[in-house]
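Let me begin by presenting the structure, written as structure tokens, before commenting on it.
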Amino acid sequence: MTVTKRDYYEILGVSKTAPAEEIKKAYRKLAVKFHPDKNPGDHTAEEKFKELGEAYDILMDDNKRAAYDRMGHAAFAQGTAGPAGGGMGGGFHDPFDLFREVFGAGGGGVFEQFFGGGGGGGGSQADGRQRGSDLRYDLQIRLEEAAFGCEKEIEISKLDTCGKCHGTGAEPGAKVTTCPTCRGRGQVIASRGFFQVAQTCPRCHGSGQVISNPCKTCGGEGRTEARTRIKLKIPAGIDNGSRLRSSQNGEAGLRGGSPGDLYVVIHIKEHEVFERDEDNLFCEVPIRFSTAALGGEVHVPTLEGKAALKIPAGTQNATVFKLRGKGLPTLHSSQRGDLMVRVLVEVPTKLDSPARKKLEEFAELCGDENTPIHKSFFEKAKEWFS
């Protein structure tokens, strides 16, 4: 039984005089309809999807379409001389073209954001240029620097624009032509039964172009390894783990493509005195037993120096005092957090005879009436002491 192949124009539902844009729209609409992901287990839809891809590949190529218009399917029969770069349709058809159009072409499209670029090797352009990679740098700063902001200069090693060819990848006078293997896409599509696997073009290495005489300094890539110093401005109030974006300070693009970005991740060193909770600071300050009992004034540390703190008479251990506006500034705001000071009443560890005698007299004079916390606890727990 002989199987007759359907007419490619009929498959796409277009006329023989249809322009390329009409063919592309027709393919896009039908490919979405019969895509296997939308028709799981439907072998008929699977065959139609493959048929659509074959028709699209032939009719979108000027040489193949001309040969098909003259000879029909016989133009691509085994043993028949086909058009330039011939062979059966589908060999180099890029299945991602459809989805770039559906979700938005270019660097800002949804497809590009999630899959990192298309057939040109991730952000490639028609002239072979590719955007450079983004870089990450981890920067450690002190709490004081995070609080008030600062300027830092960092040094990184990265691929930078070649000084000899200025990023073109070519020696002076060299010719740049479209890669004949991938036809400028930067990728070749290898068919594995129903599946098609995209691979970087082995000839142009993803650039989509071939240089007759590559730059001897960079080997045709347009980039060389270099160390670069970059100045950064750290905003006041920045938090641990924040990322700063330094635009176009990532790696240089391939063959003159736009550079990537540098992302600096901030790590704040642990402080010896303060602990941070968002914009508030916490610290513990020891005070004398006599100060806690009699009251007085002590000096406590802040990020801007020392500050006076009044201690009321009878202050208990672990009491927390709030110093308003002595914390960290709120990022991009004039507001500031607070400083929470937890006082630790320090009990003398060594007493000479006169001090011990005085303290015993003090304890006798105070009695239970001057120890309300002690008295309250034993009232609650008296059943365990009976």
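Identifiers in the structure tokens: chain A, B, ... in order shown; residue index from 1 per chain; ligand index from 1 in order shown.
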Shell around Glu10 in chain A at 12 Å using only C-alpha atoms, local window under 6 positions removed, as a list in words | Lys16, Ala18, Ile23, Ala26, Tyr27, Glu51, Leu52, Ala55, Tyr56 and Leu59 of chain A
Please provide the set of residues having any atom within 8 Å of Asp338 in chain A, restricted to only C-alpha atoms, with same-chain residues fewer than 3 positions apart removed, written as an NGL selection string.
-> :A and (279-281 or 322-328)
Could you take the residues named above and write them with C-alpha atoms, as a compact mmCIF listing (two decimals), in the first residue's frame?
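Saved result, out-v2.txt, follows:
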```txt
# COMPACT_ATOMS: atom_id res chain seq x y z
CA ASP A 279 15.79 48.16 62.01
CA ASN A 280 16.07 47.63 65.77
CA LEU A 281 19.23 46.90 67.74
CA LYS A 322 14.13 51.48 74.88
CA LEU A 323 16.20 54.28 73.35
CA ARG A 324 14.08 55.63 70.51
CA GLY A 325 15.74 56.39 67.21
CA LYS A 326 19.05 54.80 68.17
CA GLY A 327 18.65 51.79 65.90
CA LEU A 328 19.31 51.50 62.18
```
Which of range 146-298 of chain A counts as strand (DSSP E) under DSSP, as an MDAnalysis selection string please?
-> chainID A and resid 150:161 176:178 187:192 195:200 209:211 223:234 243:246 262:268 275:277 280:288 296:298
From the list A:Asp138, A:Asn249, A:Ile58, A:Val300, which residue is nearest Val265 in chain A when using only C-alpha atoms?
->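 Residue with the minimum atom-to-atom distance to Val265 in chain A: A:Asp138.
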What lies within 9 Å of Ile230 in chain A using only C-alpha atoms, ignoring chain neighbours under 5 positions off, as JSON, numbers by chain?
-> {"A": [152, 153, 154, 155, 156, 246, 249]}
Fewer than 4 positions away in the same chain doesn't count, so skip those; otherwise give me all residues within 7 Å of Lys269 in chain A, counting only C-alpha atoms, as an mmCIF file with C-alpha atoms, in the first residue's frame.
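As a result, out.cif now contains:
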```
data_model
loop_
_atom_site.group_PDB
_atom_site.id
_atom_site.type_symbol
_atom_site.label_atom_id
_atom_site.label_comp_id
_atom_site.auth_asym_id
_atom_site.auth_seq_id
_atom_site.Cartn_x
_atom_site.Cartn_y
_atom_site.Cartn_z
ATOM 1 C CA GLN A 140 31.119 41.357 53.685
ATOM 2 C CA ILE A 141 30.622 44.671 55.495
ATOM 3 C CA ARG A 142 30.472 45.848 59.123
ATOM 4 C CA LEU A 143 27.216 46.673 60.907
#
```
Using only C-alpha atoms, which residues sit within 6 Å of Arg136 in chain A once same-chain residues fewer than 5 positions away are excluded, as an MDAnalysis selection string?
-> chainID A and resid 262:264
Just the alpha helix (DSSP H) stuff from range 214-344 of chain A, please, per backbone DSSP, written as a PyMOL selection string.
-> chain A and resi 289-294
